[in-house]
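Here's the structure, in structure tokens; my notes come after.
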Amino acid sequence: MGAVVGTLTLQTRQRRPSNDKFYDDLELSVVCHRPEGLEQLEAQTNFSKKELQVLYRGFKNECPSGVVNEDMFKQIYSQFFPHGDASTYAHYLFNSFDSSQNGSIKFEDFVAALSILLRGTTTEKLQWTFNLYDINRDGYINKEEMTDIVKAIYDMMGRFTYPALKTDTTKQHVDAFFQKMDKNRDGVVTLDEFILSCQEDENIMRSLQLFENVI
Amino acid sequence: MAAGVAAWLPFARAAAIGWMPVANLPMPVAPTNKNKHQDEIIILNVSGRRFQTWRNTLDRYPDTLLGSTEKEFFFNEETREYFFDRDPDLFRSILNFYRTGKLHYPRYECISAYDEELAFFGIIPEIISDCCYEEYKDRKRENIERLMDDLEDNKDSKLPNMTFRETMWRAFENPHTSTMALVFYYVTGFFIAISVLTNVVETVPCSYMPNQRDIPCGERYTEAFFCMDTACVMIFTVEYLMRLFAAPSRYRFMRSVMSIIDVVAILPYYIGLVMTNNEDVSGAFVTLRVFRVFRIFKFSRHSQGLRILGYTLKSCASELGFLLFSLTMAIIIFATVMFYAEKGSSSSKFTSIPASFWYTIVTMTTLGYGDMVPKTIAGKIFGSICSLSGVLVIALPVPVIVSNFSRIYHQNQRADKRRAQKLQKAKLARMRISKNGSSSAFLHSKRNGLNQSLELTLPYYKMKLSPQGSLEEDQHLKKTTSLLESQHHHLLHCLEKTTNHEFVDERLYEQGYLQTALQNFPSQSPSLSSEEGITGTCCSRRTKKNIQPLSATNTHSHTHNLQELSTLHIQCGEQHPLNTSRSSLNLMSDESGSLNCKSSGLVTTAIISIPTPPSNNSRANPDAPPPPNPDAPPLPNPGTDVVKISAL
């Protein structure tokens with residue numbers, strides 16, 4: 001019986017080194033980032049100093065370390081859509097915000113994107129949207145990418161919708177989109193086709209101006 | 001929605017631009033910030049200590065004192081600051097709640113003072129964050145228990161209108177309440193002791209005569225012992241009957257452990273009276289006399305420690321069971337080994353494995369009587385292993401039992417398990433509430449028609465419909481939703497327009513699901529005509545083109561249509577409150593609905609929803625591309641417009 005007890009204690013001792021590794025990783029991941037000066041940001045973006053101050057205060061409140069990583073981003077974004085699952089769309093958003101593609105958004109990236117979205121010209125806004133849809137950044141939107149995006153948007157609605165979501169809802173929506181946007185019927189949408197088609201549709205033009213007074 | 005992420009709402013709204021090219025419908029108007037002024041710092045003077053914060057910080061929680069207009073009552077015109085005559089130390093944690101979104105409970109503060117402050121500033125304690133919530137609940141429970149203890153101390157005082165029965169029961173349960181009870185308590189204790197003593201002395205041998213064999217005293221002084229026994233049993237019987245009479249719930253009393261002990265203690269005497277000195281049954285009778293020793297358990301009414309011991313043993317049943325099981329296992333193993341080891345030696349006492357059990361038990365518990373000893377070398381080796389392992393096996397579960405005993409001694413420990421479960425449940429409930437709160441807030445505001453005012457294009461008939469008594473409601477509702485909420489709802493509304501689907505709660509989802517199930521069945525021509533008949537007569541305000549072909553059924557015909565859908569059965573009664581009184585179609589369906597309800601128990605009904613005001617898309621952009629879901633009816637305002645047309 002003593003031998004049994006002895007072998008059991010040996011086993012537990014071997015498990016301990018893995019716990020230490022966890023703590024090592026934790027220490028390295030806490031990174032702090034400070035943005036560039038206020039004047040530089042004011043020059044780079046279309047915001048005034050006061051607006052930048054308000055934006056930074058809100059940003060720093062939620063992310064004291066100065067950077068947002070993808071999980072935090074998904075969590076924050078999901079709080080606005082309690083009905084459904086906003087994580088897929090948040091993932092695509094994160095990739096479009098993260099200009100340096102290093103897995104974290106700094107305040108400069110945040111403000112640059114907001115500057116386009118809130119204070120940019122329509123062409124800039126449409127360009128940003130095109131980049132959002134073009135998941136693999138190859139310059140073309142094909143049906144699969146569009147299906148992914150539309151599915152992500154429908155995921156945010158959740159289960160309880162009226163009318164109830166059917167299996168081909170997404171496909172119909174994507175088909176309608178391609179019908180409108182793909183002028184030369186080659187199966188992909190380029191940036192020029194996209195901008196042209198959107199400028200023809202006054203609904204879209206009007207809704208792009210919707211969020212002018214957000215700040 | 002946690003107001004801590006309120007700062008990110010502008011970002012979420014800006015990101016909604018990504019939906020615009022995908023959307024086919026126009027977006028609703030954004031709510032405007034009417035009093036758009038620069039964010040200013042306001043000064044809160046709490047008993048002389050000045051706190052300063054942004055006005056926006058306080059506006060995050062509009063249903064508290066500081067976030068609403070209630071703070072204007074405390075505004076001091078001369079000094080241009082808000083003055084509160086409260087504790088500044090406690091105000092710190094309250095202001096931090098606005099800043100960080102988390103409410104913390106400082107451990108050194110008194111719980112009732114903290115509760116008062118929270119109540120004054122309009123903050124509910126349930127939003128205390130997880131790090132401090134347990135501590136808060138613990139302190140609160142202690143406080144409540146203290147208050148209840150104070151109450152109980154007063155309970156022992158005699159209430160004026162107690163019946164004789166209740167007085168007796170109180171006397172039995174709490175002996176220190178009156179002298180009579182105390183006397184009774186001591187008398188019964190004395191007699192229990194006497195009875196036990198008698199039983200013991202009965203078996204002591206008293207010599208009759210010097211050179212005769214010893215006989216026990218019980219047989220020598222039979223009458224004396226018999227009298228003593230009778231007296232004790234008399235007292236016990238009287239006591240039992242009195243307790244039985246005084247008990248508030250006799251059935252429960254008779255099932256309790258103490259009363260069973262009482263009965264078992266006095267029963268052997270009566271059985272002995274009944275039975276004669278018959279040789280056949282005297283063996284059994286002797287066995288019965290053993291039960292007289294149970295009288296000693298009657299002492300547990302007199303001793304608190306004995307009761308706790310009994311309770312411990314009961315609650316440690318699993319540990320005791322484990323002890324027993326492991327011992328049994330070890331005994332069997334070692335007995336087998338010893339038997340086969342000693343098989344070879346002659347005149348060995350280890351005649352069989354069960355016979356070796358006795359040796360194993362005696363050795364493992366380190367008793368070592370020495371009546372059975374191994375003689376072979378193998379037997380001695382295994383015997384020593386047996387005694388060493390015995391120490392271990394017995395030593396392992398015993399500390400668990402001991403710790404259980406000390407745990408039970410602490411009164412708080414018993415409530416610990418209950419408290420832990422409640423905490424977990426409360427935490428889950430809080431998370432669910434906060435999640436449901438934000439999602440239901442949107443649905444609630446939709447139902448109240450708030451979003452109507454946010455439509456991009458307001459059709460003519462809508463303007464006509466709105467003044468029907470809902471104007472005051474609208475104003476009232478506009479007051480209670482803050483700018484933040486209206487912006488959030490606008491965002492969700494944009495999402496609805498992008499996907500051309502609406503958020504509904506579960507109940508309406510079920511109805512909508514059934515409706516689409518109905519539409520999948522091809523509508524036959526008679527049903528179309530009847531549907532148009534309905535719409536023609538009653539829906540005069542609607543434009544026909546908006547009603548897309550539904551397989552609506554008339555009340556009296558088309559049974560065969562719905563027999564295929566016989567699996568759907570919905571209660572009639574609950575839908576009635578939804579029907580508004582505005583359209584005559586509703587009235588008609590009310591009558592038909594009630595008619596059908598009375599006629600059959602299991603009603604096969606169909607729920608068709610025909611919107612009272614048609615949605616925007618048909619009027620607003622006639623040239624818009626067809627909605628991606630041509631089978632869906634135009635978007636109604638759910639909740640108020642579900643019309644039931646029922647059929648058998």
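So you can find residues: chains in the structure tokens are A, B, ... in the order shown, residues in each start at 1, and ligands are numbered from 1 in order.
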
Enumerate as number ranges by chain the residues belonging to chain A that approach chain B to within 8 Å, with only C-alpha atoms taken into account. A: 1, 55, 58-59, 61-62, 76-77, 79-83, 93, 114, 117-118, 125, 129, 132, 150, 153-154, 157, 160-165, 169, 172-173, 176-177, 198, 203-204, 207-208, 210-211, 213-215

Non-local contacts of Ser356 (chain B) (12 Å; only C-alpha atoms; under 2 positions in same chain excluded) as a ChimeraX atom specification: /B:331-343,348-354,358-363,371-374,379,383

Which parts of region 124-205 of chain A does DSSP call alpha helix (DSSP H) when run on the backbone here, written out as a PyMOL selection string? chain A and resi 124-133+143-155+169-181+191-200+202-205

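Across A:Glu36, A:Asp155, A:Asp148, A:Asp109, the tightest approach to Tyr133 (chain A) is made by A:Asp148 when counting only C-alpha atoms.
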
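For region 159-224 of chain B, a DSSP pass over the backbone yields strand (DSSP E or B) at Pro205, Cys206, Ile215 and Pro216 of chain B.
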
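Near region 231-243 of chain B, within a cut-off of 7 Å and counting only C-alpha atoms, sit the residues Phe191, Ser195 and Ile266 of chain B, with same-chain residues fewer than 5 positions away left out.
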
If we count only C-alpha atoms and set the cut-off at 12 Å, which residues sit around Phe294 (chain B), ignoring sequence neighbours fewer than 4 positions away in its own chain? Please answer as an MDAnalysis selection string. chainID B and resid 192:193 195:196 199 258:268 288:290 298:300

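Counting only C-alpha atoms and comparing B:Cys132, B:Leu90, B:Cys316, B:Leu327, the residue that lies closest to Glu116 (chain B) is B:Leu90.
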
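Computed from the coordinates, the CA of Asn143 (chain B) to CA of His104 (chain B) distance equals 18.9 Å.
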
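The shell of residues at most 6 Å from region 85-92 of chain A, with only C-alpha atoms counted and near chain neighbours (fewer than 2 positions) removed, consists of Lys74, Ser78, Phe94, Asn95, Ala152, Asp155 and Met156 of chain A.
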
Figure out the distance between CA of Ser445 (chain B) and CA of Glu212 (chain A), please, to one decimal in Å. 24.3 Å

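Those residues that approach Ala247 (chain B) to within 9 Å, counting only C-alpha atoms, are B:Arg165, B:Glu166, B:Met168, B:Trp169, B:Met242, B:Arg252, B:Phe253; same-chain residues fewer than 5 positions away are not listed.
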
For CA of Ile381 (chain B) and CA of Ser346 (chain B), determine how far apart the two atoms are, in Å to one decimal place. 18.1 Å

Would you list the contacts of Gly67 (chain B) as an MDAnalysis selection string, taking every protein, DNA or RNA residue within 10 Å and counting only C-alpha atoms, but skipping same-chain residues closer than 3 positions in sequence? chainID B and resid 55:64 70:71 98 121:122

Write a file of the just-selected residues containing C-alpha atoms, as a PDB file, in the first residue's frame.
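That gives us selection.pdb:
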ATOM      1  CA  ARG B  55     -21.574  65.255 -16.973  1.00  0.00           C
ATOM      2  CA  ASN B  56     -21.516  62.402 -19.494  1.00  0.00           C
ATOM      3  CA  THR B  57     -20.150  60.067 -16.861  1.00  0.00           C
ATOM      4  CA  LEU B  58     -23.178  60.614 -14.682  1.00  0.00           C
ATOM      5  CA  ASP B  59     -25.557  60.378 -17.634  1.00  0.00           C
ATOM      6  CA  ARG B  60     -24.573  56.783 -18.219  1.00  0.00           C
ATOM      7  CA  TYR B  61     -27.101  55.528 -15.705  1.00  0.00           C
ATOM      8  CA  PRO B  62     -30.212  57.580 -16.181  1.00  0.00           C
ATOM      9  CA  ASP B  63     -32.313  55.691 -13.649  1.00  0.00           C
ATOM     10  CA  THR B  64     -30.246  56.694 -10.657  1.00  0.00           C
ATOM     11  CA  GLU B  70     -33.469  64.352  -9.580  1.00  0.00           C
ATOM     12  CA  LYS B  71     -30.073  65.809  -8.809  1.00  0.00           C
ATOM     13  CA  TYR B  98     -20.337  55.690 -12.661  1.00  0.00           C
ATOM     14  CA  PHE B 121     -28.678  57.316  -4.721  1.00  0.00           C
ATOM     15  CA  GLY B 122     -31.073  54.955  -6.414  1.00  0.00           C
TER      16      GLY B 122
END
